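**Student:** Enclosed is the structure file coords07.txt (compact mmCIF, C-alpha atoms).
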# COMPACT_ATOMS: atom_id res chain seq x y z
CA MET A 1 169.43 143.72 172.67
CA LEU A 2 166.74 145.12 170.38
CA ARG A 3 169.41 146.53 168.13
CA VAL A 4 171.07 143.08 167.91
CA ILE A 5 167.77 141.48 166.93
CA ALA A 6 167.09 144.19 164.36
CA VAL A 7 170.55 143.81 162.85
CA SER A 8 170.16 140.02 162.76
CA ILE A 9 166.80 140.30 160.97
CA ALA A 10 168.27 142.76 158.48
CA ALA A 11 171.24 140.44 157.86
CA LEU A 12 168.93 137.49 157.26
CA TRP A 13 166.83 139.55 154.88
CA VAL A 14 169.84 140.79 152.93
CA ALA A 15 171.25 137.25 152.75
CA GLY A 16 167.97 136.04 151.37
CA ALA A 17 167.60 133.67 154.28
CA TRP A 18 164.50 135.23 155.71
CA PRO A 19 162.03 132.34 155.75
CA ALA A 20 158.98 134.27 154.52
CA ALA A 21 160.97 135.94 151.78
CA ALA A 22 162.46 132.61 150.72
CA ALA A 23 159.01 131.04 150.53
CA ASP A 24 157.80 133.79 148.21
CA ALA A 25 160.96 134.11 146.16
CA ILE A 26 160.63 133.66 142.40
CA ASN A 27 162.98 130.89 141.35
CA PRO A 28 162.41 129.78 137.73
CA ASP A 29 165.31 127.31 137.85
CA ALA A 30 163.87 125.50 140.88
CA ASP A 31 160.40 125.58 139.30
CA PHE A 32 161.81 124.13 136.10
CA LYS A 33 163.47 121.23 137.91
CA ALA A 34 160.39 120.46 140.03
CA PHE A 35 158.10 120.66 137.00
CA ARG A 36 160.24 118.31 134.95
CA ASP A 37 160.75 115.89 137.84
CA TYR A 38 157.00 115.74 138.42
CA PHE A 39 156.20 114.61 134.88
CA THR A 40 159.15 112.29 134.39
CA LYS A 41 158.38 110.55 137.69
CA LYS A 42 154.65 110.40 136.97
CA PHE A 43 155.25 108.97 133.48
CA PRO A 44 158.56 107.09 133.73
CA LYS A 45 157.99 105.20 130.47
CA VAL A 46 157.51 108.32 128.37
CA PRO A 47 160.77 109.51 126.77
CA LEU A 48 161.40 113.15 127.67
CA ASN A 49 161.15 114.45 124.11
CA ASP A 50 157.89 112.58 123.54
CA PHE A 51 156.02 114.84 125.97
CA VAL A 52 155.75 117.38 123.14
CA ASN A 53 153.35 114.99 121.43
CA GLY A 54 150.78 115.65 124.12
CA PRO A 55 148.00 113.07 124.39
CA TYR A 56 149.80 110.74 121.97
CA SER A 57 152.58 110.28 124.50
CA MET A 58 149.99 109.08 127.02
CA ASP A 59 147.78 106.70 125.03
CA ALA A 60 148.94 103.96 122.63
CA GLY A 61 145.65 103.70 120.74
CA LEU A 62 145.47 107.43 120.18
CA ARG A 63 149.09 107.40 119.05
CA LYS A 64 148.33 104.84 116.33
CA GLN A 65 145.52 107.02 115.03
CA TRP A 66 147.82 110.04 115.01
CA GLU A 67 150.55 108.18 113.15
CA ALA A 68 148.00 107.32 110.48
CA ILE A 69 146.83 110.95 110.35
CA GLU A 70 150.43 112.10 109.87
CA ASP A 71 150.50 110.31 106.51
CA PHE A 72 148.30 113.13 105.22
CA PRO A 73 148.65 115.85 107.84
CA PRO A 74 145.62 118.14 108.07
CA TYR A 75 147.90 121.12 108.80
CA ASP A 76 149.77 120.86 105.48
CA PHE A 77 147.47 123.36 103.81
CA ALA A 78 148.24 125.88 106.54
CA VAL A 79 151.99 125.38 106.15
CA ASP A 80 151.76 125.93 102.39
CA ARG A 81 149.58 128.99 102.80
CA GLY A 82 151.86 130.39 105.50
CA LYS A 83 154.90 129.89 103.30
CA GLN A 84 153.23 131.75 100.47
CA MET A 85 152.14 134.57 102.77
CA PHE A 86 155.63 134.78 104.21
CA ALA A 87 157.13 135.23 100.76
CA THR A 88 154.55 137.77 99.57
CA PRO A 89 155.73 141.36 100.10
CA PHE A 90 153.58 143.92 101.91
CA LYS A 91 152.39 146.93 99.94
CA ASN A 92 155.60 148.75 100.94
CA GLY A 93 157.75 145.99 99.47
CA LYS A 94 158.97 144.56 102.78
CA THR A 95 158.18 141.06 104.01
CA TYR A 96 157.58 139.29 107.33
CA GLY A 97 161.16 138.11 107.18
CA ASP A 98 162.36 141.70 107.52
CA CYS A 99 160.82 141.88 111.01
CA PHE A 100 162.61 138.83 112.44
CA ALA A 101 166.04 137.44 113.14
CA ASN A 102 167.28 135.02 110.46
CA LYS A 103 164.49 136.28 108.22
CA GLY A 104 162.00 134.46 110.46
CA ILE A 105 163.24 130.98 109.56
CA GLY A 106 163.89 128.49 112.38
CA ILE A 107 163.22 130.92 115.22
CA ARG A 108 159.96 129.63 116.76
CA GLN A 109 161.84 128.08 119.67
CA ASN A 110 162.88 131.53 120.92
CA TYR A 111 159.29 132.71 121.42
CA PRO A 112 157.89 134.15 123.56
CA TYR A 113 160.62 136.40 124.84
CA PHE A 114 160.71 139.22 127.36
CA ASP A 115 161.38 142.55 125.69
CA GLU A 116 163.38 144.67 128.11
CA LYS A 117 162.70 147.77 126.05
CA SER A 118 158.90 147.65 126.34
CA GLY A 119 158.87 145.59 129.56
CA GLU A 120 156.47 142.98 128.24
CA VAL A 121 156.30 139.45 126.91
CA ILE A 122 156.31 139.26 123.12
CA THR A 123 154.75 136.17 121.61
CA LEU A 124 155.20 135.10 118.02
CA GLU A 125 151.56 135.96 117.27
CA LEU A 126 151.97 139.45 118.72
CA ALA A 127 155.26 139.97 116.86
CA LEU A 128 153.60 138.99 113.58
CA ASN A 129 150.77 141.46 113.99
CA ARG A 130 153.15 144.20 115.11
CA CYS A 131 155.19 143.46 112.02
CA ARG A 132 152.10 143.90 109.88
CA GLU A 133 151.12 147.14 111.58
CA ALA A 134 154.65 148.53 111.33
CA ASN A 135 154.43 147.94 107.60
CA GLY A 136 151.04 149.56 107.17
CA GLU A 137 148.98 146.38 107.10
CA PRO A 138 145.93 145.66 109.29
CA PRO A 139 146.38 143.04 112.03
CA PHE A 140 145.02 139.52 111.64
CA SER A 141 142.71 137.73 114.04
CA TYR A 142 144.89 136.10 116.68
CA VAL A 143 142.98 132.86 116.86
CA LYS A 144 142.93 131.15 113.44
CA ASP A 145 143.09 131.45 109.67
CA GLU A 146 145.97 133.66 108.49
CA MET A 147 147.65 133.84 111.91
CA ALA A 148 147.49 130.06 112.24
CA SER A 149 148.97 129.66 108.75
CA LEU A 150 151.85 132.04 109.43
CA THR A 151 152.73 130.45 112.76
CA ALA A 152 152.32 126.97 111.23
CA TYR A 153 154.94 127.78 108.61
CA MET A 154 157.29 129.35 111.16
CA ALA A 155 156.91 126.35 113.47
CA PHE A 156 157.52 124.00 110.55
CA THR A 157 160.84 125.69 109.80
CA SER A 158 161.79 125.23 113.46
CA ARG A 159 160.88 121.57 113.90
CA GLY A 160 163.37 119.75 116.08
CA LYS A 161 164.91 122.97 117.41
CA LEU A 162 164.91 123.12 121.19
CA PHE A 163 162.90 125.62 123.22
CA ASP A 164 165.31 128.30 124.38
CA ILE A 165 163.30 130.75 126.46
CA LYS A 166 165.29 133.21 128.51
CA ILE A 167 164.33 135.16 131.61
CA PRO A 168 166.58 138.21 131.72
CA ASN A 169 167.84 139.55 135.02
CA ASP A 170 165.07 142.10 135.13
CA PRO A 171 162.48 142.25 137.91
CA ARG A 172 159.79 142.92 135.29
CA ALA A 173 160.68 139.69 133.50
CA LEU A 174 160.49 137.76 136.74
CA ALA A 175 157.15 139.40 137.52
CA ALA A 176 155.81 138.37 134.09
CA TYR A 177 157.05 134.84 134.66
CA GLN A 178 155.37 134.68 138.06
CA ASN A 179 152.17 136.17 136.71
CA GLY A 180 152.13 133.39 134.11
CA GLU A 181 152.74 130.81 136.79
CA LYS A 182 149.92 132.30 138.85
CA TYR A 183 147.54 132.21 135.90
CA PHE A 184 148.44 128.59 135.23
CA TYR A 185 147.69 127.46 138.77
CA SER A 186 144.68 129.71 139.55
CA ARG A 187 141.24 128.16 139.46
CA ARG A 188 138.64 129.98 137.40
CA GLY A 189 135.26 129.62 135.77
CA GLN A 190 132.14 128.21 137.35
CA LEU A 191 133.70 124.74 137.16
CA ASN A 192 136.55 125.99 139.37
CA PHE A 193 139.34 124.48 137.26
CA SER A 194 142.85 125.77 136.75
CA CYS A 195 145.04 124.95 133.75
CA ALA A 196 146.93 122.69 136.17
CA SER A 197 143.75 120.84 137.21
CA CYS A 198 143.68 119.20 133.78
CA HIS A 199 147.26 119.33 132.58
CA VAL A 200 149.15 118.62 135.82
CA GLN A 201 146.94 116.79 138.31
CA SER A 202 144.92 114.93 135.65
CA ALA A 203 147.44 114.66 132.79
CA GLY A 204 147.04 111.36 130.94
CA GLN A 205 143.53 110.79 132.24
CA HIS A 206 140.39 110.84 130.17
CA ILE A 207 137.89 113.65 130.23
CA ARG A 208 135.01 112.11 128.36
CA THR A 209 136.71 110.71 125.22
CA GLU A 210 139.71 113.00 125.32
CA VAL A 211 143.10 112.27 126.84
CA LEU A 212 144.42 115.24 128.78
CA ALA A 213 147.84 116.36 127.55
CA PRO A 214 150.64 116.86 130.06
CA ALA A 215 151.61 120.49 130.64
CA LEU A 216 155.25 119.66 129.96
CA GLY A 217 155.89 120.67 126.34
CA ILE A 218 152.20 121.39 125.75
CA LEU A 219 152.89 124.37 123.46
CA ALA A 220 155.56 122.67 121.33
CA ALA A 221 153.05 121.45 118.73
CA MET A 222 151.26 124.78 118.29
CA PRO A 223 149.55 125.83 116.15
CA ILE A 224 147.37 122.77 115.75
CA TYR A 225 144.72 121.40 113.49
CA ARG A 226 142.04 120.28 115.91
CA SER A 227 139.42 117.83 114.70
CA GLU A 228 137.01 119.27 117.26
CA TRP A 229 137.41 122.69 115.63
CA GLY A 230 137.63 121.36 112.09
CA SER A 231 140.31 123.97 111.47
CA MET A 232 143.67 125.31 112.58
CA GLY A 233 144.03 127.19 115.83
CA THR A 234 146.74 129.24 117.49
CA ILE A 235 147.95 129.29 121.07
CA SER A 236 145.54 132.19 121.66
CA ARG A 237 142.67 130.02 120.44
CA ARG A 238 143.68 127.22 122.79
CA PHE A 239 143.72 129.51 125.83
CA VAL A 240 140.38 131.06 124.88
CA THR A 241 138.84 127.60 124.47
CA CYS A 242 140.25 126.39 127.77
CA ASN A 243 138.64 129.32 129.58
CA SER A 244 135.28 128.70 127.92
CA GLN A 245 135.39 125.01 128.75
CA VAL A 246 135.51 125.78 132.47
CA ARG A 247 132.74 128.34 132.03
CA GLY A 248 135.00 131.34 132.34
CA VAL A 249 134.67 134.32 130.03
CA PRO A 250 137.85 134.24 127.92
CA LEU A 251 140.24 137.18 127.99
CA GLU A 252 141.06 139.05 124.83
CA PRO A 253 143.59 137.09 122.74
CA GLN A 254 147.09 138.28 123.63
CA ASP A 255 145.93 139.67 126.94
CA GLU A 256 148.90 140.12 129.26
CA ASN A 257 147.83 137.07 131.29
CA TYR A 258 147.76 134.83 128.22
CA ARG A 259 151.17 136.07 127.08
CA ASP A 260 152.61 135.55 130.54
CA VAL A 261 151.25 132.01 130.88
CA GLU A 262 152.72 131.23 127.46
CA TYR A 263 156.04 132.58 128.72
CA TYR A 264 155.85 130.40 131.85
CA LEU A 265 154.88 127.21 129.99
CA SER A 266 157.46 127.76 127.28
CA TYR A 267 160.18 128.26 129.89
CA MET A 268 159.11 124.97 131.49
CA ALA A 269 159.58 123.38 128.05
CA ASN A 270 163.17 124.58 127.61
CA GLY A 271 165.29 121.91 125.94
CA LEU A 272 162.31 120.14 124.38
CA PRO A 273 161.93 120.14 120.59
CA ILE A 274 159.45 122.15 118.59
CA SER A 275 157.04 119.66 116.99
CA GLY A 276 154.51 122.03 115.46
CA PRO A 277 152.39 122.41 113.61
CA GLY A 278 150.44 119.54 115.08
CA ALA A 279 147.18 117.65 114.85
CA ARG A 280 144.98 116.97 117.84
CA PRO A 281 141.59 115.22 118.29
CA MET B 1 89.73 126.57 168.27
CA ARG B 2 88.12 126.49 164.82
CA MET B 3 88.30 130.30 164.80
CA ILE B 4 92.06 130.21 165.45
CA PHE B 5 92.64 127.83 162.55
CA ALA B 6 90.55 130.02 160.26
CA MET B 7 92.49 133.14 161.25
CA ALA B 8 95.83 131.37 160.82
CA GLY B 9 94.73 130.22 157.40
CA LEU B 10 93.76 133.73 156.44
CA VAL B 11 97.14 135.07 157.58
CA LEU B 12 98.95 132.43 155.57
CA LEU B 13 96.90 133.17 152.48
CA THR B 14 97.58 136.88 152.84
CA ALA B 15 101.31 136.27 153.29
CA ALA B 16 101.42 133.99 150.27
CA GLY B 17 99.58 136.56 148.23
CA ALA B 18 102.06 139.24 149.24
CA ALA B 19 105.02 136.96 148.39
CA GLN B 20 103.64 136.27 144.96
CA ALA B 21 102.98 139.89 144.13
CA ALA B 22 104.09 140.52 140.57
CA SER B 23 107.52 142.10 140.15
CA THR B 24 107.72 145.45 138.46
CA GLN B 25 110.06 147.21 136.06
CA ALA B 26 111.51 149.02 139.08
CA ASP B 27 112.22 145.71 140.82
CA PHE B 28 113.99 144.48 137.72
CA ASP B 29 116.00 147.69 137.32
CA ALA B 30 117.22 147.38 140.90
CA ALA B 31 118.09 143.69 140.54
CA LEU B 32 119.86 144.31 137.22
CA ALA B 33 121.85 147.22 138.62
CA ALA B 34 123.04 145.07 141.53
CA ALA B 35 124.01 142.26 139.15
CA ASN B 36 125.83 144.64 136.81
CA THR B 37 127.79 146.17 139.69
CA ALA B 38 128.99 142.74 140.80
CA GLU B 39 129.81 141.65 137.25
CA LYS B 40 131.76 144.85 136.69
CA GLU B 41 133.92 144.00 139.69
CA ALA B 42 134.41 140.46 138.33
CA ALA B 43 135.51 141.98 135.02
CA THR B 44 138.04 144.18 136.80
CA LEU B 45 139.45 141.01 138.33
CA LYS B 46 139.42 139.37 134.85
CA ASN B 47 137.30 136.58 136.25
CA ARG B 48 133.84 136.71 134.73
CA TRP B 49 131.87 133.50 134.32
CA THR B 50 129.96 132.60 131.16
CA THR B 51 127.01 131.53 133.29
CA THR B 52 126.74 135.01 134.78
CA GLU B 53 126.59 136.48 131.30
CA GLN B 54 123.92 133.94 130.33
CA ALA B 55 121.82 134.77 133.39
CA LEU B 56 122.11 138.49 132.65
CA ALA B 57 121.05 137.94 129.05
CA ALA B 58 118.11 135.80 130.18
CA ALA B 59 117.05 138.49 132.66
CA LYS B 60 117.08 141.19 129.98
CA LYS B 61 115.19 138.97 127.57
CA ALA B 62 112.50 138.23 130.16
CA ALA B 63 112.21 141.93 131.03
CA ALA B 64 111.86 142.84 127.36
CA ALA B 65 108.99 140.35 127.15
CA GLY B 66 107.35 141.94 130.19
CA ASP B 67 107.96 138.91 132.43
CA PHE B 68 109.41 140.78 135.40
CA ASP B 69 109.09 137.88 137.84
CA THR B 70 111.45 135.80 135.73
CA ALA B 71 113.60 138.84 134.94
CA VAL B 72 114.14 139.64 138.62
CA LYS B 73 114.84 136.01 139.43
CA ASP B 74 117.44 135.74 136.63
CA ALA B 75 119.07 139.03 137.59
CA GLN B 76 119.36 137.89 141.18
CA HIS B 77 120.86 134.64 139.97
CA ALA B 78 123.36 136.58 137.88
CA GLU B 79 124.31 138.69 140.90
CA ALA B 80 124.89 135.56 142.98
CA LEU B 81 127.08 134.05 140.26
CA ALA B 82 129.06 137.25 139.83
CA LYS B 83 129.67 137.44 143.58
CA ALA B 84 130.87 133.83 143.55
CA SER B 85 133.31 134.62 140.74
CA ILE B 86 134.62 137.61 142.72
CA ALA B 87 135.10 135.41 145.78
CA GLN B 88 136.91 132.84 143.64
CA ALA B 89 139.30 135.46 142.22
CA LYS B 90 140.07 136.88 145.65
CA GLU B 91 140.64 133.44 147.14
CA GLN B 92 142.84 132.31 144.25
CA ASP B 93 144.95 135.45 144.49
CA THR B 94 146.96 133.62 147.13
CA ALA B 95 145.58 130.06 147.09
CA TRP B 96 147.24 129.26 143.73
CA LYS B 97 150.59 128.95 145.45
CA ALA B 98 149.44 125.81 147.25
CA ALA B 99 148.97 124.05 143.90
CA VAL B 100 152.45 124.78 142.52
CA ILE B 101 154.64 121.74 141.93
CA HIS B 102 157.52 121.71 144.42
Is it possible to express this structure as structure tokens?
**Tutor:**
Amino acid sequence: MLRVIAVSIAALWVAGAWPAAAADAINPDADFKAFRDYFTKKFPKVPLNDFVNGPYSMDAGLRKQWEAIEDFPPYDFAVDRGKQMFATPFKNGKTYGDCFANKGIGIRQNYPYFDEKSGEVITLELALNRCREANGEPPFSYVKDEMASLTAYMAFTSRGKLFDIKIPNDPRALAAYQNGEKYFYSRRGQLNFSCASCHVQSAGQHIRTEVLAPALGILAAMPIYRSEWGSMGTISRRFVTCNSQVRGVPLEPQDENYRDVEYYLSYMANGLPISGPGARP
Amino acid sequence: MRMIFAMAGLVLLTAAGAAQAASTQADFDAALAAANTAEKEAATLKNRWTTTEQALAAAKKAAAAGDFDTAVKDAQHAEALAKASIAQAKEQDTAWKAAVIH
């Protein structure tokens, strides 16, 4: 009898039908569907592709202001500077384009990706600095200035292209995805907020004068010119700021947790268009 | 009866005096070490709080100015905050799953 029970348990486990195992299983496809359903049901009047416009998809008054701002976009300087930097050769004669597929043009939607060789998530910011270092140049700060200009230009050349983030059939990729999901939903800081506290449970609501952007497509407009900052900022800068706002000590830019949460959020945005660079209050 | 009240008063005054005894450099060193140990664990969990760092900085500043009462108080506050951040990280290690959209 014991042997029968043991065999039955083993069969259930192998078939993936073991309840505990099923509850803990990593299923990005199911997550993706649930995530999308949540936002489209919560905001039925918002067209799917408009979620990439963040707070402007949630608030008509804010949207009007943004449309006026777009007549003279504050990120234009960064795009121009990034274009110039992109075309300027390194000291060894090579350029950024030599480090990327399609010479770096129109590829933003494929980042971040999981690199099966190194077993880690590679973001566009990380790839840019690794490109510099491979060509004998010092890395840039990950949070603003040159890095924001480079990513602004690369995003600009990818506008309208759809997020196409892949999770290879590699347990390390799934682990990175789940670590990103965990970071997104974990509460932190003295204020005990998670990313989801603001951008899932409270999306569309006001926090003081600001409208909280929905998490769906939240990275599509990056990098952004933020009026609050008075300058451009990268995805790294946004994560760092989020941590500080809840009274948590930020991680180092491009920490594994930040890269993994970018991977998770970008996967959730699959099929949505790149809209960056953007402008935010 | 009057004698009992007088003695009780004296005991209370003595106790209060003992409680308000000035803190020393050694008291501060011990309080700071305890706070640093807790904050180091919070750092390992990648879950430090800015308020802990502020309390630690305030404690060191007070100690440098020779105000060990304030320094000890701030260091103890920092330790309490660091321990709360550790508890948060340990709790969230599994609790996050309850917040996931399904």
**Student:** Taking only C-alpha atoms into account, which of A:Ser194, A:Gln205, A:Asn110, A:Ser158 comes nearest chain B?
**Tutor:** A:Ser194
**Student:** Return the neighbours of chain A among the residues of chain B, cut-off 7 Å, counting all atoms listed in the file, as an NGL selection string.
**Tutor:** :B and (47-51 or 92 or 96 or 99-102)
**Student:** Could you please determine the separation between atom CA of Leu128 of chain A and atom CA of Tyr267 of chain A in Å, to one decimal place?
**Tutor:**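 Those two atoms sit 20.6 Å apart.
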**Student:** Grab the atom CA of Asp59 of chain A to atom CA of Val79 of chain A distance for me, in Å with one decimal place.
**Tutor:** 26.9 Å
**Student:** Figure out the distance between atom CA of Met222 of chain A and atom CA of Glu137 of chain A, please, to one decimal in Å.
**Tutor:**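 According to the coordinates, atom CA of Glu137 of chain A and atom CA of Met222 of chain A are separated by 24.4 Å.
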**Student:** Build an axis-aligned box that encloses every atom of segment 180-188 of chain A listed in the file, pad it by 3 Å on each side, and report its centre and edge lengths in Å to one decimal, as lines of an AutoDock Vina configuration file.
**Tutor:**
center_x = 145.7
center_y = 130.4
center_z = 136.8
size_x = 20.1
size_y = 11.9
size_z = 11.4
